[in-house]
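As stored in run23.csv (CSV, N, CA and C atoms):
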chain,number,residue,atom,x,y,z
A,26,MET,N,107.2,92.8,65.6
A,26,MET,CA,107.3,91.9,66.8
A,26,MET,C,108.7,92.1,67.3
A,27,ALA,N,108.8,92.1,68.7
A,27,ALA,CA,110.1,92.1,69.3
A,27,ALA,C,110.8,90.7,69.2
A,28,LYS,N,112.1,90.8,69.1
A,28,LYS,CA,112.8,89.5,69.0
A,28,LYS,C,113.3,89.1,70.4
A,29,GLY,N,113.4,87.8,70.6
A,29,GLY,CA,113.9,87.2,71.9
A,29,GLY,C,112.8,86.5,72.7
A,30,HIS,N,113.3,86.0,73.7
A,30,HIS,CA,112.4,85.3,74.6
A,30,HIS,C,111.5,86.3,75.4
A,31,ARG,N,110.4,85.8,75.9
A,31,ARG,CA,109.5,86.7,76.6
A,31,ARG,C,110.2,87.3,77.9
A,32,SER,N,111.0,86.6,78.6
A,32,SER,CA,111.6,87.1,79.8
A,32,SER,C,112.7,88.2,79.4
A,33,GLN,N,113.3,88.0,78.2
A,33,GLN,CA,114.3,89.0,77.7
A,33,GLN,C,113.6,90.3,77.4
A,34,ILE,N,112.4,90.1,76.7
A,34,ILE,CA,111.6,91.3,76.4
A,34,ILE,C,111.2,92.1,77.6
A,35,LYS,N,110.7,91.4,78.6
A,35,LYS,CA,110.3,92.0,79.9
A,35,LYS,C,111.5,92.7,80.6
A,36,ARG,N,112.7,92.0,80.6
A,36,ARG,CA,113.8,92.6,81.2
A,36,ARG,C,114.2,93.9,80.5
A,37,GLU,N,114.2,93.9,79.2
A,37,GLU,CA,114.5,95.2,78.5
A,37,GLU,C,113.5,96.3,78.7
A,38,ARG,N,112.2,95.9,78.8
A,38,ARG,CA,111.2,96.9,79.0
A,38,ARG,C,111.3,97.5,80.5
A,39,ASN,N,111.6,96.6,81.4
A,39,ASN,CA,111.8,97.1,82.8
A,39,ASN,C,113.1,97.9,83.0
A,40,ALA,N,114.1,97.7,82.2
A,40,ALA,CA,115.3,98.4,82.3
A,40,ALA,C,115.1,99.9,81.9
A,41,ASN,N,114.1,100.1,81.0
A,41,ASN,CA,113.8,101.4,80.5
A,41,ASN,C,112.7,102.1,81.3
A,42,ALA,N,112.3,101.5,82.4
A,42,ALA,CA,111.2,102.0,83.2
A,42,ALA,C,111.6,103.3,83.9
A,43,ASP,N,110.7,104.1,84.2
A,43,ASP,CA,110.9,105.4,84.9
A,43,ASP,C,111.2,105.1,86.4
A,44,LYS,N,112.3,105.5,86.9
A,44,LYS,CA,112.7,105.2,88.3
A,44,LYS,C,112.2,106.3,89.2
A,45,ARG,N,111.6,107.4,88.7
A,45,ARG,CA,111.2,108.5,89.6
A,45,ARG,C,110.0,108.1,90.5
A,46,PRO,N,110.0,108.6,91.7
A,46,PRO,CA,108.9,108.2,92.6
A,46,PRO,C,107.6,108.9,92.1
A,47,SER,N,106.5,108.2,92.2
A,47,SER,CA,105.2,108.7,91.7
A,47,SER,C,104.1,108.2,92.5
A,48,ALA,N,102.9,108.8,92.3
A,48,ALA,CA,101.7,108.3,92.9
A,48,ALA,C,100.6,108.5,91.9
A,49,LYS,N,99.6,107.6,91.8
A,49,LYS,CA,98.5,107.7,90.8
A,49,LYS,C,97.2,107.4,91.5
A,50,LEU,N,96.2,108.3,91.3
A,50,LEU,CA,94.9,108.0,91.8
A,50,LEU,C,94.0,107.8,90.6
A,51,SER,N,93.4,106.6,90.6
A,51,SER,CA,92.5,106.3,89.5
A,51,SER,C,91.1,106.5,89.9
A,52,TYR,N,90.2,106.9,89.0
A,52,TYR,CA,88.8,107.1,89.2
A,52,TYR,C,88.5,108.1,90.3
A,53,ALA,N,89.2,109.3,90.2
A,53,ALA,CA,88.9,110.3,91.2
A,53,ALA,C,87.6,111.0,90.7
A,54,ARG,N,86.7,111.3,91.7
A,54,ARG,CA,85.4,111.9,91.3
A,54,ARG,C,85.5,113.4,91.1
A,55,VAL,N,86.4,113.8,90.3
A,55,VAL,CA,86.5,115.2,89.9
A,55,VAL,C,86.9,115.2,88.4
A,56,SER,N,86.4,116.2,87.7
A,56,SER,CA,86.7,116.2,86.2
A,56,SER,C,88.1,116.6,86.0
A,57,SER,N,88.7,116.1,84.9
A,57,SER,CA,90.1,116.3,84.6
A,57,SER,C,90.3,117.8,84.4
A,58,GLN,N,89.3,118.5,83.8
A,58,GLN,CA,89.5,119.9,83.6
A,58,GLN,C,89.6,120.7,84.9
A,59,LYS,N,88.8,120.3,85.9
A,59,LYS,CA,88.9,121.0,87.2
A,59,LYS,C,90.2,120.6,88.0
A,60,ALA,N,90.6,119.4,87.8
A,60,ALA,CA,91.9,119.0,88.4
A,60,ALA,C,93.1,119.7,87.8
A,61,CYS,N,93.0,120.0,86.5
A,61,CYS,CA,94.1,120.6,85.9
A,61,CYS,C,94.4,122.0,86.3
A,62,PHE,N,93.3,122.7,86.8
A,62,PHE,CA,93.5,124.1,87.3
A,62,PHE,C,94.4,124.0,88.5
A,63,VAL,N,94.2,123.0,89.4
A,63,VAL,CA,95.1,122.9,90.6
A,63,VAL,C,96.5,122.4,90.2
A,64,LEU,N,96.5,121.4,89.3
A,64,LEU,CA,97.8,120.8,88.9
A,64,LEU,C,98.7,121.9,88.2
A,65,ASP,N,98.1,122.8,87.5
A,65,ASP,CA,98.9,123.8,86.8
A,65,ASP,C,99.6,124.8,87.8
A,66,ALA,N,98.9,124.9,89.0
A,66,ALA,CA,99.4,125.8,90.0
A,66,ALA,C,100.6,125.3,90.7
A,67,ILE,N,100.8,123.9,90.8
A,67,ILE,CA,101.9,123.3,91.5
A,67,ILE,C,102.9,122.7,90.6
A,68,ARG,N,102.7,122.6,89.4
A,68,ARG,CA,103.7,122.0,88.5
A,68,ARG,C,105.0,122.7,88.5
A,69,GLY,N,106.1,122.0,88.7
A,69,GLY,CA,107.5,122.5,88.7
A,69,GLY,C,107.9,123.1,90.1
A,70,LYS,N,107.0,123.2,91.0
A,70,LYS,CA,107.3,123.8,92.3
A,70,LYS,C,108.0,122.7,93.2
A,71,ASP,N,108.7,123.2,94.3
A,71,ASP,CA,109.2,122.2,95.2
A,71,ASP,C,108.1,121.7,96.1
A,72,VAL,N,108.3,120.6,96.8
A,72,VAL,CA,107.3,119.9,97.5
A,72,VAL,C,106.7,120.8,98.7
A,73,ALA,N,107.5,121.5,99.4
A,73,ALA,CA,107.0,122.3,100.5
A,73,ALA,C,106.1,123.5,100.0
A,74,THR,N,106.5,124.1,98.9
A,74,THR,CA,105.7,125.2,98.3
A,74,THR,C,104.4,124.6,97.8
A,75,ALA,N,104.4,123.4,97.2
A,75,ALA,CA,103.2,122.8,96.6
A,75,ALA,C,102.2,122.5,97.7
A,76,LEU,N,102.7,121.9,98.8
A,76,LEU,CA,101.8,121.6,99.9
A,76,LEU,C,101.2,122.8,100.5
A,77,GLY,N,101.9,123.9,100.5
A,77,GLY,CA,101.3,125.2,101.0
A,77,GLY,C,100.2,125.7,100.1
A,78,ILE,N,100.5,125.6,98.8
A,78,ILE,CA,99.5,126.1,97.8
A,78,ILE,C,98.2,125.2,97.9
A,79,LEU,N,98.4,123.9,98.0
A,79,LEU,CA,97.2,123.0,98.1
A,79,LEU,C,96.5,123.2,99.4
A,80,ALA,N,97.1,123.5,100.5
A,80,ALA,CA,96.5,123.7,101.8
A,80,ALA,C,95.5,124.9,101.7
A,81,TYR,N,95.8,125.9,101.0
A,81,TYR,CA,95.0,127.1,101.0
A,81,TYR,C,94.2,127.3,99.7
A,82,ASN,N,94.2,126.3,98.9
A,82,ASN,CA,93.4,126.4,97.6
A,82,ASN,C,92.0,126.0,98.0
A,83,PRO,N,91.0,126.8,97.6
A,83,PRO,CA,89.6,126.4,98.0
A,83,PRO,C,88.9,125.3,97.2
A,84,ARG,N,89.5,124.9,96.1
A,84,ARG,CA,88.9,123.9,95.2
A,84,ARG,C,88.9,122.5,95.8
A,85,TYR,N,87.9,121.7,95.5
A,85,TYR,CA,87.8,120.4,96.0
A,85,TYR,C,88.9,119.5,95.5
A,86,ALA,N,89.4,119.7,94.3
A,86,ALA,CA,90.4,118.9,93.7
A,86,ALA,C,91.7,119.1,94.5
A,87,SER,N,91.9,120.2,95.2
A,87,SER,CA,93.2,120.4,95.9
A,87,SER,C,93.3,119.5,97.1
A,88,THR,N,92.2,119.1,97.7
A,88,THR,CA,92.3,118.2,98.9
A,88,THR,C,92.7,116.8,98.4
A,89,VAL,N,92.2,116.4,97.2
A,89,VAL,CA,92.5,115.1,96.6
A,89,VAL,C,93.9,115.1,96.2
A,90,ILE,N,94.4,116.1,95.5
A,90,ILE,CA,95.8,116.2,95.0
A,90,ILE,C,96.8,116.3,96.2
A,91,GLU,N,96.4,117.0,97.3
A,91,GLU,CA,97.3,117.1,98.4
A,91,GLU,C,97.6,115.7,99.0
A,92,LYS,N,96.5,114.9,99.1
A,92,LYS,CA,96.7,113.5,99.7
A,92,LYS,C,97.5,112.7,98.7
A,93,LEU,N,97.4,112.9,97.4
A,93,LEU,CA,98.2,112.2,96.4
A,93,LEU,C,99.6,112.6,96.5
A,94,LEU,N,99.9,113.9,96.7
A,94,LEU,CA,101.2,114.4,96.8
A,94,LEU,C,102.0,113.9,98.0
A,95,LYS,N,101.2,113.8,99.1
A,95,LYS,CA,101.8,113.2,100.3
A,95,LYS,C,102.2,111.8,100.1
A,96,SER,N,101.4,111.0,99.4
A,96,SER,CA,101.7,109.6,99.1
A,96,SER,C,102.9,109.5,98.2
A,97,ALA,N,103.1,110.4,97.2
A,97,ALA,CA,104.3,110.4,96.4
A,97,ALA,C,105.5,110.7,97.2
A,98,ILE,N,105.4,111.7,98.1
A,98,ILE,CA,106.5,112.0,99.0
A,98,ILE,C,106.9,110.8,99.9
A,99,ALA,N,105.9,110.1,100.4
A,99,ALA,CA,106.2,108.9,101.2
A,99,ALA,C,106.9,107.8,100.4
A,100,ASN,N,106.4,107.7,99.1
A,100,ASN,CA,107.1,106.7,98.2
A,100,ASN,C,108.5,107.1,98.0
A,101,ALA,N,108.8,108.3,97.8
A,101,ALA,CA,110.2,108.8,97.5
A,101,ALA,C,111.1,108.6,98.7
A,102,GLU,N,110.5,108.8,99.9
A,102,GLU,CA,111.3,108.7,101.1
A,102,GLU,C,111.6,107.2,101.5
A,103,ASN,N,110.5,106.4,101.4
A,103,ASN,CA,110.6,105.0,101.9
A,103,ASN,C,111.1,104.1,100.9
A,104,ASN,N,110.7,104.2,99.6
A,104,ASN,CA,111.1,103.2,98.6
A,104,ASN,C,112.4,103.6,97.9
A,105,ASN,N,112.6,104.9,97.7
A,105,ASN,CA,113.8,105.3,96.9
A,105,ASN,C,114.9,105.9,97.8
A,106,GLY,N,114.6,106.2,99.1
A,106,GLY,CA,115.6,106.8,100.0
A,106,GLY,C,116.0,108.2,99.6
A,107,MET,N,115.1,109.0,99.1
A,107,MET,CA,115.4,110.3,98.6
A,107,MET,C,115.2,111.3,99.8
A,108,ASP,N,115.9,112.5,99.7
A,108,ASP,CA,115.8,113.5,100.7
A,108,ASP,C,114.5,114.4,100.3
A,109,VAL,N,113.6,114.6,101.3
A,109,VAL,CA,112.4,115.3,101.0
A,109,VAL,C,112.6,116.7,100.7
A,110,SER,N,113.6,117.4,101.3
A,110,SER,CA,113.9,118.8,101.0
A,110,SER,C,114.3,119.1,99.6
A,111,LYS,N,114.8,118.1,98.9
A,111,LYS,CA,115.3,118.3,97.5
A,111,LYS,C,114.3,117.9,96.5
A,112,LEU,N,113.1,117.4,96.9
A,112,LEU,CA,112.1,117.0,95.9
A,112,LEU,C,111.4,118.1,95.3
A,113,TYR,N,111.0,118.0,94.0
A,113,TYR,CA,110.1,118.9,93.3
A,113,TYR,C,109.2,118.1,92.4
A,114,ILE,N,108.1,118.7,92.0
A,114,ILE,CA,107.1,118.1,91.1
A,114,ILE,C,107.6,118.2,89.7
A,115,ALA,N,108.0,117.0,89.2
A,115,ALA,CA,108.5,117.0,87.8
A,115,ALA,C,107.4,116.9,86.8
A,116,GLU,N,106.4,116.1,87.1
A,116,GLU,CA,105.2,116.0,86.2
A,116,GLU,C,104.0,115.8,87.1
A,117,CYS,N,102.9,116.4,86.6
A,117,CYS,CA,101.6,116.1,87.2
A,117,CYS,C,100.5,116.4,86.1
A,118,TYR,N,99.6,115.4,86.0
A,118,TYR,CA,98.6,115.5,84.9
A,118,TYR,C,97.4,114.7,85.3
A,119,ALA,N,96.3,115.1,84.6
A,119,ALA,CA,95.0,114.4,84.9
A,119,ALA,C,94.5,113.9,83.5
A,120,ASN,N,94.2,112.7,83.4
A,120,ASN,CA,93.6,112.1,82.2
A,120,ASN,C,92.1,111.7,82.5
A,121,ASN,N,91.3,111.7,81.4
A,121,ASN,CA,89.9,111.4,81.5
A,121,ASN,C,89.7,109.9,81.9
A,122,ALA,N,88.8,109.7,82.8
A,122,ALA,CA,88.4,108.3,83.2
A,122,ALA,C,87.0,108.1,82.7
A,123,PRO,N,86.4,106.9,82.8
A,123,PRO,CA,85.0,106.7,82.4
A,123,PRO,C,84.1,107.6,83.1
A,124,THR,N,83.0,108.0,82.3
A,124,THR,CA,82.0,108.9,82.8
A,124,THR,C,80.8,108.2,83.3
A,125,MET,N,80.3,108.5,84.5
A,125,MET,CA,79.1,107.9,85.0
A,125,MET,C,77.9,108.7,84.3
A,126,LYS,N,77.0,108.0,83.7
A,126,LYS,CA,75.9,108.7,83.1
A,126,LYS,C,74.6,108.5,83.9
A,127,ARG,N,74.0,109.6,84.3
A,127,ARG,CA,72.7,109.5,85.1
A,127,ARG,C,71.7,110.3,84.3
A,128,ILE,N,70.4,110.0,84.7
A,128,ILE,CA,69.3,110.6,84.0
A,128,ILE,C,68.4,111.4,85.0
A,129,GLN,N,68.1,112.6,84.7
A,129,GLN,CA,67.2,113.5,85.5
A,129,GLN,C,65.9,113.6,84.8
A,130,PRO,N,64.8,113.1,85.4
A,130,PRO,CA,63.5,113.3,84.7
A,130,PRO,C,63.1,114.8,84.7
A,131,ARG,N,62.5,115.2,83.6
A,131,ARG,CA,62.1,116.6,83.5
A,131,ARG,C,60.6,116.6,83.0
A,132,SER,N,60.1,117.8,82.8
A,132,SER,CA,58.7,117.9,82.5
A,132,SER,C,58.3,117.4,81.1
A,133,GLN,N,57.1,117.0,80.9
A,133,GLN,CA,56.6,116.5,79.7
A,133,GLN,C,57.3,115.2,79.2
A,134,GLY,N,57.7,114.4,80.1
A,134,GLY,CA,58.3,113.1,79.8
A,134,GLY,C,59.7,113.2,79.2
A,135,ARG,N,60.4,114.3,79.3
A,135,ARG,CA,61.7,114.4,78.8
A,135,ARG,C,62.7,113.9,79.9
A,136,ALA,N,63.9,113.6,79.4
A,136,ALA,CA,65.0,113.2,80.3
A,136,ALA,C,66.2,114.0,80.0
A,137,TYR,N,66.8,114.6,81.0
A,137,TYR,CA,68.1,115.3,80.9
A,137,TYR,C,69.2,114.4,81.4
A,138,HIS,N,70.3,114.4,80.6
A,138,HIS,CA,71.4,113.5,80.9
A,138,HIS,C,72.4,114.3,81.9
A,139,ILE,N,72.8,113.6,82.9
A,139,ILE,CA,73.8,114.2,83.8
A,139,ILE,C,75.1,113.4,83.6
A,140,LEU,N,76.2,114.0,83.4
A,140,LEU,CA,77.5,113.3,83.2
A,140,LEU,C,78.3,113.6,84.4
A,141,LYS,N,78.6,112.6,85.2
A,141,LYS,CA,79.5,112.7,86.3
A,141,LYS,C,80.9,112.2,85.9
A,142,ARG,N,81.7,113.2,85.7
A,142,ARG,CA,83.0,112.9,85.1
A,142,ARG,C,84.0,112.5,86.2
A,143,MET,N,85.0,111.6,85.8
A,143,MET,CA,86.0,111.2,86.7
A,143,MET,C,87.4,111.4,86.0
A,144,SER,N,88.4,111.2,86.7
A,144,SER,CA,89.8,111.4,86.1
A,144,SER,C,90.8,110.5,86.8
A,145,HIS,N,91.9,110.2,86.1
A,145,HIS,CA,93.0,109.5,86.6
A,145,HIS,C,94.1,110.6,86.8
A,146,ILE,N,94.5,110.8,88.1
A,146,ILE,CA,95.5,111.9,88.4
A,146,ILE,C,96.8,111.3,88.7
A,147,THR,N,97.9,111.8,88.2
A,147,THR,CA,99.3,111.3,88.4
A,147,THR,C,100.2,112.4,88.8
A,148,VAL,N,101.0,112.1,89.8
A,148,VAL,CA,102.0,113.1,90.3
A,148,VAL,C,103.4,112.4,90.3
A,149,VAL,N,104.4,112.9,89.6
A,149,VAL,CA,105.7,112.4,89.5
A,149,VAL,C,106.7,113.3,90.1
A,150,LEU,N,107.5,112.9,91.1
A,150,LEU,CA,108.5,113.7,91.7
A,150,LEU,C,109.9,113.4,91.2
A,151,ASP,N,110.8,114.3,91.5
A,151,ASP,CA,112.2,114.1,91.1
A,151,ASP,C,113.1,115.0,92.1
A,152,GLU,N,114.4,114.6,92.2
A,152,GLU,CA,115.3,115.4,93.0
A,152,GLU,C,116.0,116.4,92.2
A,153,LYS,N,116.3,117.6,92.9
A,153,LYS,CA,117.0,118.6,92.2
A,153,LYS,C,118.5,118.3,92.3
Here is a file; write its structure as structure tokens.
Amino acid sequence: MAKGHRSQIKRERNANADKRPSAKLSYARVSSQKACFVLDAIRGKDVATALGILAYNPRYASTVIEKLLKSAIANAENNNGMDVSKLYIAECYANNAPTMKRIQPRSQGRAYHILKRMSHITVVLDEK
């Protein structure tokens, strides 16, 4: 157990919080495996290059991640007052979200399970 008053504990926890601008999309209707293919392509790149990669990537996840990246850029510019030309993607990852389970009826009374996977996608930026 942590020592001190509840407000003191919260103050210490918030002091150690990550100050980098970020954006998170919860329950994105794309599997984390498919999202990671796109995220691997832009990880560590500067923002302008990453937007170019996402614009010409044919995967569905790239449109979702492009919108998320633009949100993170707006957060950096408006909330933190950072220069957009100096930003790069420090972290980006996709975690598993709850899976929707559906049933497809098949012949002879059988049922096939359909798993509609979702993910939580996070993009964290930083200045060079």
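The nearest approach to Ile139 in chain A among the residues A:Lys35, A:Lys28, A:Lys44, A:Lys126, with only C-alpha atoms taken into account, belongs to A:Lys126.
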Q: For range 81-96 of chain A, work out the shell of residues within 6 Å, counting only N, CA and C atoms and skipping chain neighbours fewer than 3 positions away, then give it as an NGL selection string.
A: :A and (47-48 or 59-60 or 77-78 or 99-100)
Output file for the selection above: N, CA and C atoms, as an mmCIF file, in the coordinates of the input:
data_model
loop_
_atom_site.group_PDB
_atom_site.id
_atom_site.type_symbol
_atom_site.label_atom_id
_atom_site.label_comp_id
_atom_site.auth_asym_id
_atom_site.auth_seq_id
_atom_site.Cartn_x
_atom_site.Cartn_y
_atom_site.Cartn_z
ATOM 1 N N SER A 47 106.500 108.200 92.200
ATOM 2 C CA SER A 47 105.200 108.700 91.700
ATOM 3 C C SER A 47 104.100 108.200 92.500
ATOM 4 N N ALA A 48 102.900 108.800 92.300
ATOM 5 C CA ALA A 48 101.700 108.300 92.900
ATOM 6 C C ALA A 48 100.600 108.500 91.900
ATOM 7 N N LYS A 59 88.800 120.300 85.900
ATOM 8 C CA LYS A 59 88.900 121.000 87.200
ATOM 9 C C LYS A 59 90.200 120.600 88.000
ATOM 10 N N ALA A 60 90.600 119.400 87.800
ATOM 11 C CA ALA A 60 91.900 119.000 88.400
ATOM 12 C C ALA A 60 93.100 119.700 87.800
ATOM 13 N N GLY A 77 101.900 123.900 100.500
ATOM 14 C CA GLY A 77 101.300 125.200 101.000
ATOM 15 C C GLY A 77 100.200 125.700 100.100
ATOM 16 N N ILE A 78 100.500 125.600 98.800
ATOM 17 C CA ILE A 78 99.500 126.100 97.800
ATOM 18 C C ILE A 78 98.200 125.200 97.900
ATOM 19 N N ALA A 99 105.900 110.100 100.400
ATOM 20 C CA ALA A 99 106.200 108.900 101.200
ATOM 21 C C ALA A 99 106.900 107.800 100.400
ATOM 22 N N ASN A 100 106.400 107.700 99.100
ATOM 23 C CA ASN A 100 107.100 106.700 98.200
ATOM 24 C C ASN A 100 108.500 107.100 98.000
#
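The smallest atom-to-atom distance between Lys111 in chain A and any of A:Ala97, A:Ile128, A:Leu140, A:Ala73, using only C-alpha atoms, is found for A:Ala73.
Taking atom N of Thr124 in chain A as the reference point, atom N of Tyr137 in chain A is found at 17.5 Å.
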Q: Give me every strand (DSSP E or B) residue in chain A, going by DSSP on the backbone, as a PyMOL selection string.
A: chain A and resi 47-53+71+112-121+125-130+136-141+144-152
Q: Identify, on the basis of only C-alpha atoms, every residue whose closest approach to Val149 in chain A does not exceed 7 Å; exclude the query and any residue fewer than 2 positions from it along the same chain; express the result as an MDAnalysis selection string.
A: chainID A and resid 45:48 114:117 147 151
